[in-house]
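Asker: Provided herewith: upload-v6.csv, CSV, C-alpha atoms and all ligand atoms.
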chain,number,residue,atom,x,y,z
A,157,MET,CA,13.8,20.1,4.2
A,158,SER,CA,13.5,18.2,7.5
A,159,ILE,CA,11.4,15.0,7.8
A,160,GLU,CA,8.8,16.9,9.9
A,161,GLU,CA,8.5,19.5,7.2
A,162,LEU,CA,8.1,16.9,4.6
A,163,TYR,CA,5.3,15.2,6.6
A,164,GLN,CA,3.6,18.6,7.0
A,165,LYS,CA,3.8,19.3,3.3
A,166,MET,CA,2.3,15.8,2.6
A,167,ALA,CA,-0.6,16.5,4.9
A,168,GLN,CA,-1.1,20.0,3.3
A,169,SER,CA,-1.1,18.5,-0.2
A,170,ILE,CA,-4.1,16.4,0.8
A,171,ILE,CA,-5.9,19.3,2.5
A,172,ASP,CA,-5.4,21.3,-0.6
A,173,GLY,CA,-6.6,18.4,-2.8
A,174,ASP,CA,-3.5,18.9,-4.8
A,175,SER,CA,-2.7,15.5,-6.6
A,176,ASP,CA,0.3,16.9,-8.4
A,177,ALA,CA,1.9,18.0,-5.2
A,178,SER,CA,1.0,14.7,-3.4
A,179,ILE,CA,2.6,12.6,-6.2
A,180,GLU,CA,5.7,14.8,-6.1
A,181,LEU,CA,6.0,14.4,-2.3
A,182,ALA,CA,5.5,10.7,-2.6
A,183,LYS,CA,8.3,10.5,-5.1
A,184,GLU,CA,10.5,12.6,-2.9
A,185,ALA,CA,9.8,10.2,0.0
A,186,VAL,CA,10.8,7.2,-2.1
A,187,GLN,CA,14.0,8.9,-3.3
A,188,SER,CA,15.0,9.9,0.2
A,189,GLY,CA,14.7,6.3,1.4
A,190,MET,CA,11.7,7.0,3.7
A,191,ASP,CA,9.5,4.0,4.6
A,192,PRO,CA,6.5,4.5,2.4
A,193,LEU,CA,4.2,3.5,5.2
A,194,ASP,CA,5.6,6.3,7.4
A,195,ALA,CA,4.9,8.7,4.5
A,196,ILE,CA,1.3,7.5,4.5
A,197,THR,CA,0.6,7.3,8.2
A,198,LYS,CA,2.6,10.3,9.5
A,199,GLY,CA,2.1,12.5,6.4
A,200,PHE,CA,-0.8,12.0,4.0
A,201,VAL,CA,-3.3,10.4,6.4
A,202,VAL,CA,-2.9,13.4,8.8
A,203,GLY,CA,-4.3,15.5,6.0
A,204,VAL,CA,-7.1,13.2,5.0
A,205,ASN,CA,-8.2,12.9,8.6
A,206,GLN,CA,-8.3,16.7,8.9
A,207,VAL,CA,-10.5,17.0,5.9
A,208,GLY,CA,-12.7,14.3,7.2
A,209,GLU,CA,-13.1,16.1,10.5
A,210,ALA,CA,-13.8,19.4,8.8
A,211,PHE,CA,-16.4,17.7,6.6
A,212,SER,CA,-18.2,16.2,9.7
A,213,CYS,CA,-18.3,19.7,11.3
A,214,GLY,CA,-19.6,21.3,8.2
A,215,ASP,CA,-16.4,23.3,7.6
A,216,ALA,CA,-15.6,21.4,4.4
A,217,PHE,CA,-17.9,20.1,1.7
A,218,LEU,CA,-18.2,17.2,-0.7
A,219,PRO,CA,-15.9,18.7,-3.4
A,220,GLU,CA,-13.1,19.1,-0.9
A,221,LEU,CA,-13.7,15.5,0.3
A,222,VAL,CA,-13.5,14.3,-3.3
A,223,MET,CA,-10.3,16.3,-4.0
A,224,ALA,CA,-8.7,15.1,-0.8
A,225,GLY,CA,-9.6,11.5,-1.7
A,226,GLU,CA,-8.1,11.8,-5.2
A,227,ALA,CA,-4.9,13.4,-3.9
A,228,MET,CA,-4.7,10.6,-1.2
A,229,LYS,CA,-5.2,7.9,-3.8
A,230,ALA,CA,-2.6,9.4,-6.1
A,231,ALA,CA,0.0,9.5,-3.3
A,232,VAL,CA,-0.8,5.9,-2.2
A,233,SER,CA,-0.5,4.6,-5.9
A,234,THR,CA,2.8,6.3,-6.2
A,235,LEU,CA,4.1,4.6,-3.0
A,236,GLU,CA,2.6,1.2,-3.8
A,237,PRO,CA,5.5,-0.2,-5.9
A,238,GLU,CA,8.0,0.7,-3.2
A,239,MET,CA,5.8,-0.9,-0.5
A,240,GLU,CA,5.6,-4.1,-2.6
A,241,LYS,CA,9.4,-4.1,-3.1
A,242,ARG,CA,10.0,-3.8,0.6
A,243,GLY,CA,7.7,-6.8,1.4
A,244,SER,CA,10.4,-9.4,2.0
A,245,HIS,CA,8.1,-12.4,2.6
A,246,ARG,CA,7.6,-14.3,-0.6
A,247,GLU,CA,6.2,-17.5,0.8
A,248,MET,CA,2.5,-17.8,0.0
A,249,LEU,CA,0.7,-17.4,3.3
A,250,GLY,CA,-2.9,-17.8,2.1
A,251,LYS,CA,-5.6,-16.6,-0.3
A,252,VAL,CA,-7.5,-13.4,0.6
A,253,VAL,CA,-10.6,-12.2,-1.1
A,254,LEU,CA,-10.8,-8.4,-0.4
A,255,ALA,CA,-13.5,-5.9,-1.1
A,256,THR,CA,-15.2,-2.7,0.1
A,257,VAL,CA,-18.8,-3.8,0.9
A,258,GLU,CA,-21.9,-3.1,-1.2
A,259,GLY,CA,-23.0,0.5,-1.2
A,260,ASP,CA,-19.6,1.8,-0.1
A,261,ILE,CA,-17.1,3.4,-2.5
A,262,HIS,CA,-14.3,4.2,-0.1
A,263,GLU,CA,-11.3,2.4,-1.6
A,264,ILE,CA,-8.1,3.9,-0.1
A,265,GLY,CA,-7.9,2.0,3.1
A,266,LYS,CA,-9.1,-1.2,1.5
A,267,SER,CA,-6.4,-0.9,-1.2
A,268,LEU,CA,-3.7,-0.2,1.4
A,269,VAL,CA,-4.7,-3.3,3.3
A,270,GLY,CA,-4.5,-5.3,0.0
A,271,THR,CA,-1.0,-3.9,-0.8
A,272,MET,CA,0.3,-4.7,2.6
A,273,LEU,CA,-1.1,-8.2,2.6
A,274,SER,CA,0.3,-9.0,-0.8
A,275,ALA,CA,3.6,-7.4,0.1
A,276,SER,CA,3.7,-9.8,3.1
A,277,GLY,CA,3.1,-12.9,1.0
A,278,PHE,CA,-0.7,-13.3,0.7
A,279,GLN,CA,-2.3,-13.8,-2.6
A,280,VAL,CA,-4.9,-11.0,-2.7
A,281,TYR,CA,-8.0,-11.0,-5.0
A,282,ASP,CA,-9.0,-7.3,-4.7
A,283,MET,CA,-12.6,-7.1,-6.0
A,284,GLY,CA,-12.7,-3.3,-5.7
A,285,VAL,CA,-15.5,-1.3,-4.1
A,286,ASP,CA,-19.3,-1.5,-3.8
A,287,VAL,CA,-19.1,-5.3,-4.1
A,288,ALA,CA,-22.4,-7.2,-3.8
A,289,VAL,CA,-22.7,-9.8,-1.1
A,290,THR,CA,-23.4,-12.6,-3.6
A,291,LYS,CA,-20.4,-11.6,-5.8
A,292,LEU,CA,-18.1,-11.7,-2.8
A,293,VAL,CA,-19.3,-15.1,-1.6
A,294,ALA,CA,-19.1,-16.5,-5.2
A,295,LYS,CA,-15.5,-15.3,-5.5
A,296,ALA,CA,-14.5,-16.8,-2.2
A,297,LYS,CA,-15.9,-20.1,-3.4
A,298,GLU,CA,-14.3,-19.9,-6.8
A,299,VAL,CA,-10.7,-19.3,-5.6
A,300,ASN,CA,-11.1,-21.4,-2.4
A,301,ALA,CA,-10.3,-18.4,-0.2
A,302,ASP,CA,-8.7,-18.8,3.2
A,303,ILE,CA,-9.8,-15.3,4.3
A,304,VAL,CA,-12.5,-12.9,3.3
A,305,ALA,CA,-11.5,-9.3,4.2
A,306,MET,CA,-14.1,-6.6,4.1
A,307,SER,CA,-13.8,-2.8,4.4
A,308,ALA,CA,-16.7,-0.5,5.3
A,309,LEU,CA,-16.3,3.2,6.0
A,310,LEU,CA,-19.9,4.1,6.5
A,311,THR,CA,-22.1,3.3,9.5
A,312,THR,CA,-24.8,2.5,7.0
A,313,THR,CA,-22.8,-0.1,5.1
A,314,MET,CA,-21.2,-1.9,8.0
A,315,VAL,CA,-24.2,-4.1,8.1
A,316,LYS,CA,-23.1,-5.6,4.8
A,317,GLN,CA,-20.2,-7.2,6.7
A,318,ARG,CA,-22.7,-9.2,8.7
A,319,GLU,CA,-24.7,-10.1,5.6
A,320,VAL,CA,-21.6,-11.5,4.0
A,321,ILE,CA,-20.9,-13.7,7.1
A,322,GLU,CA,-24.5,-14.9,7.0
A,323,ALA,CA,-24.3,-15.6,3.3
A,324,LEU,CA,-21.0,-17.6,3.8
A,325,GLU,CA,-22.8,-19.6,6.4
A,326,GLN,CA,-25.8,-20.3,4.2
A,327,ALA,CA,-23.4,-21.4,1.4
A,328,GLY,CA,-21.8,-23.8,3.8
A,329,LEU,CA,-18.4,-22.1,3.4
A,330,ARG,CA,-18.1,-20.4,6.8
A,331,SER,CA,-16.2,-23.1,8.6
A,332,GLY,CA,-13.4,-23.1,6.0
A,333,ILE,CA,-13.0,-19.4,5.7
A,334,LYS,CA,-11.8,-16.8,8.2
A,335,VAL,CA,-13.4,-13.4,8.1
A,336,MET,CA,-11.5,-10.1,8.7
A,337,VAL,CA,-13.3,-6.8,8.9
A,338,GLY,CA,-12.1,-3.2,9.1
A,339,GLY,CA,-12.8,0.5,8.3
A,340,ALA,CA,-13.0,3.5,10.5
A,341,PRO,CA,-16.4,2.8,12.1
A,342,VAL,CA,-15.7,-0.8,12.9
A,343,THR,CA,-15.1,-1.6,16.6
A,344,ARG,CA,-14.2,-4.7,18.5
A,345,GLU,CA,-17.8,-4.8,19.8
A,346,TRP,CA,-19.1,-4.9,16.2
A,347,VAL,CA,-16.6,-7.6,15.3
A,348,GLN,CA,-18.0,-9.7,18.2
A,349,LYS,CA,-21.6,-8.9,17.4
A,350,ILE,CA,-21.3,-10.2,13.8
A,351,GLY,CA,-19.1,-13.1,14.6
A,352,ALA,CA,-16.1,-12.1,12.5
A,353,ASP,CA,-12.7,-13.7,13.3
A,354,GLY,CA,-10.4,-10.7,13.1
A,355,TYR,CA,-10.2,-6.9,13.0
A,356,SER,CA,-7.5,-4.3,12.8
A,357,GLU,CA,-7.5,-0.5,12.9
A,358,ASP,CA,-4.8,-0.2,10.2
A,359,ALA,CA,-3.0,-2.0,7.4
A,360,ILE,CA,0.0,-3.1,9.4
A,361,GLY,CA,-2.2,-4.6,12.0
A,362,ALA,CA,-4.2,-6.3,9.3
A,363,VAL,CA,-1.1,-8.3,8.2
A,364,GLY,CA,-0.5,-9.5,11.8
A,365,VAL,CA,-4.2,-10.5,12.2
A,366,ALA,CA,-4.2,-12.3,8.8
A,367,LYS,CA,-1.1,-14.2,9.7
A,368,SER,CA,-2.4,-15.3,13.1
A,369,LEU,CA,-5.7,-16.4,11.5
A,370,MET,CA,-3.6,-18.6,9.2
A,371,GLY,CA,-1.7,-19.9,12.2
A,372,LYS,CA,1.5,-18.3,10.9
A,373,ALA,CA,2.0,-15.4,13.3
A,401,LIG,C1,-11.7,10.3,1.2
A,401,LIG,C2,-13.1,10.1,1.7
A,401,LIG,C3,-14.1,10.0,0.8
A,401,LIG,C4,-13.8,9.8,-0.7
A,401,LIG,C5,-13.4,8.4,-1.0
A,401,LIG,C6,-12.4,8.4,-2.2
A,401,LIG,C7,-11.9,7.0,-2.5
A,401,LIG,N1,-11.5,6.8,-3.7
A,401,LIG,O1,-11.8,6.1,-1.6
A,401,LIG,C8,-15.2,10.2,-1.3
A,401,LIG,C9,-15.3,11.7,-1.7
A,401,LIG,C10,-15.6,9.4,-2.6
A,401,LIG,C11,-16.2,9.9,-0.2
A,401,LIG,C12,-17.5,9.8,-0.3
A,401,LIG,C13,-18.4,9.7,0.8
A,401,LIG,N2,-18.1,9.9,2.1
A,401,LIG,CO1,-16.3,9.8,2.7
A,401,LIG,N3,-14.6,10.0,3.6
A,401,LIG,C14,-13.4,10.1,3.1
A,401,LIG,C15,-12.4,10.3,4.3
A,401,LIG,C16,-12.1,11.8,4.4
A,401,LIG,C17,-11.1,9.6,4.3
A,401,LIG,C18,-11.2,8.0,4.1
A,401,LIG,C19,-9.8,7.5,3.8
A,401,LIG,O2,-9.5,7.3,2.7
A,401,LIG,N4,-9.0,7.4,4.9
A,401,LIG,C20,-7.6,7.0,4.8
A,401,LIG,C21,-7.5,5.5,4.8
A,401,LIG,C22,-6.0,5.1,4.8
A,401,LIG,O3,-8.0,5.1,6.1
A,401,LIG,P1,-9.2,4.1,6.3
A,401,LIG,O4,-10.1,4.1,5.1
A,401,LIG,O5,-9.9,4.3,7.6
A,401,LIG,O6,-8.5,2.6,6.3
A,401,LIG,C23,-7.6,2.2,7.3
A,401,LIG,C24,-8.3,1.4,8.4
A,401,LIG,O7,-9.7,1.8,8.6
A,401,LIG,C25,-8.1,0.0,8.1
A,401,LIG,N5,-9.0,-0.7,7.2
A,401,LIG,C26,-9.7,-0.3,6.2
A,401,LIG,N6,-10.4,-1.3,5.6
A,401,LIG,C27,-10.0,-2.4,6.2
A,401,LIG,C28,-10.4,-3.7,6.0
A,401,LIG,C29,-9.8,-4.7,6.8
A,401,LIG,C30,-10.2,-6.1,6.5
A,401,LIG,C31,-9.0,-4.4,7.9
A,401,LIG,C32,-8.4,-5.4,8.7
A,401,LIG,C33,-8.6,-3.1,8.1
A,401,LIG,C34,-9.1,-2.1,7.3
A,401,LIG,O8,-6.8,0.0,7.5
A,401,LIG,C35,-6.7,1.1,6.6
A,401,LIG,C36,-5.3,1.5,6.4
A,401,LIG,O9,-4.6,1.9,7.6
A,401,LIG,C37,-13.3,9.8,5.5
A,401,LIG,C38,-12.9,10.4,6.9
A,401,LIG,C39,-12.0,9.6,7.7
A,401,LIG,N7,-11.0,10.2,8.3
A,401,LIG,O10,-12.1,8.3,7.7
A,401,LIG,C40,-14.7,10.2,5.0
A,401,LIG,C41,-15.9,9.5,5.6
A,401,LIG,C42,-15.7,8.0,5.7
A,401,LIG,N8,-16.9,9.7,4.5
A,401,LIG,C43,-18.1,10.0,5.0
A,401,LIG,C44,-19.3,10.2,4.2
A,401,LIG,C45,-20.5,10.6,5.0
A,401,LIG,C46,-19.2,10.1,2.8
A,401,LIG,C47,-20.4,10.3,1.8
A,401,LIG,C48,-21.7,9.6,2.3
A,401,LIG,C49,-20.6,11.8,1.6
A,401,LIG,C50,-21.8,12.2,0.8
A,401,LIG,N9,-22.6,12.9,1.4
A,401,LIG,O11,-21.9,11.8,-0.4
A,401,LIG,C51,-19.9,9.6,0.6
A,401,LIG,C52,-20.2,8.1,0.5
A,401,LIG,C53,-20.1,7.5,-0.8
A,401,LIG,C54,-20.3,6.0,-0.7
A,401,LIG,N10,-21.5,5.5,-1.1
A,401,LIG,O12,-19.4,5.3,-0.3
A,401,LIG,C55,-18.2,9.9,6.5
A,401,LIG,C56,-18.8,8.7,7.1
A,401,LIG,C57,-19.7,8.9,8.3
A,401,LIG,C58,-20.2,7.6,8.8
A,401,LIG,N11,-19.7,7.3,10.0
A,401,LIG,O13,-20.9,6.9,8.2
A,401,LIG,C59,-16.6,10.2,6.9
A,401,LIG,C60,-16.2,9.5,8.2
A,401,LIG,C61,-16.4,11.7,6.9
A,401,LIG,C62,-17.0,12.4,8.1
A,401,LIG,N12,-16.3,12.6,9.2
A,401,LIG,O14,-18.2,12.6,8.1
A,401,LIG,N13,-15.5,9.9,1.0
When written as structure tokens, how does the structure in this file appear?
Answerer:
Amino acid sequence: MSIEELYQKMAQSIIDGDSDASIELAKEAVQSGMDPLDAITKGFVVGVNQVGEAFSCGDAFLPELVMAGEAMKAAVSTLEPEMEKRGSHREMLGKVVLATVEGDIHEIGKSLVGTMLSASGFQVYDMGVDVAVTKLVAKAKEVNADIVAMSALLTTTMVKQREVIEALEQAGLRSGIKVMVGGAPVTREWVQKIGADGYSEDAIGAVGVAKSLMGKA
């Protein structure tokens, strides 16, 4: 099978919501020596984006979205050990408290960012999804975080990113902590509006931004 065919099959496994197939294809990618991030961005993500578009046009419904999400999660989890193995940087670059904001349960992009950051040498405290503003701020204080990184996939939950920044300010922590935000609806204008320090459209970019925020780019 050519690489292009493999990418196409990967995308199709997500469209079909077929976790067994997405896991098998992820394993095949690892065995063939493919960069796991290529498998994600050129294969699986193409499928998940297609399902997302179909959902927004009314051509797909919630069960399809759920199945696609599960298949995507299964593929990414299968590729994670290989991504971590490939992360060559072992020097501790900084502590990152990472979460998907309150009210939002989208976890795939957030987890991918976490994997890439830890593979690049950051110590990542991944708090999961739907994390309350107060819990996030308390964790940042507890571990003496260098960076707070927040994911939001819904236009209705993006506002929580601003609330966290305000809560960090109120707790007197903002000057010592850099804030990174991301997620599909996040734009540069939004980043400026809420006074965040960094933003990236993808997980690779997130590593570069985190490094530059730590003065280690
Ligand atoms: C899979 C999925 C789901 C799954 C999530 C499964 C899971 N375990 O995560 C399920 C089925 C649960 C779901 C539920 C819902 N979803 Co949904 N979902 C998606 C879908 C198709 C893909 C998201 C995804 O995983 N993408 C792949 C990852 C790799 O990309 P990513 O998340 O964008 O992350 C990358 C970047 O954004 C960036 N990034 C992400 N986070 C961060 C953080 C930082 C700090 C940085 C620097 C970068 C960064 O790097 C990541 C890696 O490259 C999107 C459509 C889309 N294409 O985005 C809709 C989408 C986000 N969902 C949508 C909706 C409406 C919903 C529901 C409200 C549906 C409903 N009626 O119930 C619920 C909301 C539930 C909730 N309260 O959160 C809408 C949002 C519309 C809007 N603008 O608000 C979308 C856009 C679909 C659409 N086109 O309408 N969803």
Asker: Env of region 212-227 of chain A: 6 Å cut, atoms = all atoms listed in the file, seq-sep filter 3 positions within chain, self excluded. Answer as a PDB file with C-alpha atoms, in the frame of the given file.
Answerer:
ATOM      1  CA  ILE A 170      -4.100  16.400   0.800  1.00  0.00           C
ATOM      2  CA  GLY A 173      -6.600  18.400  -2.800  1.00  0.00           C
ATOM      3  CA  ASP A 174      -3.500  18.900  -4.800  1.00  0.00           C
ATOM      4  CA  SER A 175      -2.700  15.500  -6.600  1.00  0.00           C
ATOM      5  CA  GLU A 209     -13.100  16.100  10.500  1.00  0.00           C
ATOM      6  CA  ALA A 230      -2.600   9.400  -6.100  1.00  0.00           C
TER       7      ALA A 230
END
Asker: Rank nothing, just name the residue among A:Gly208, A:Val232, A:Gly243, A:Ala340 nearest to Glu180 (chain A), using only C-alpha atoms.
Answerer: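 Nearest candidate to Glu180 (chain A) out of A:Gly208, A:Val232, A:Gly243, A:Ala340: A:Val232.
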Asker: CA of Met283 (chain A) and CA of Val299 (chain A), how far apart in Å?
Answerer: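 Interatomic distance, CA of Val299 (chain A) to CA of Met283 (chain A): 12.4 Å.
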Asker: I want to know what sits within 8 Å of Lys266 (chain A), based on all atoms listed in the file, with residues of the same chain fewer than 4 positions away left out; could you give that as a list in words?
Answerer: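 With the cut-off at 8 Å, the set is Leu254, Ala255, Thr256, His262, Gly270, Met306, Ser307 and Gly339 of chain A.
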Asker: Between A:Lys316, A:Lys229, A:Arg242, A:Lys198, which residue has the minimum interatomic distance to ligand LIG 401 (chain A), considering all atoms listed in the file?
Answerer: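 Between A:Lys316, A:Lys229, A:Arg242, A:Lys198, the residue approaching ligand LIG 401 (chain A) most closely is A:Lys229.
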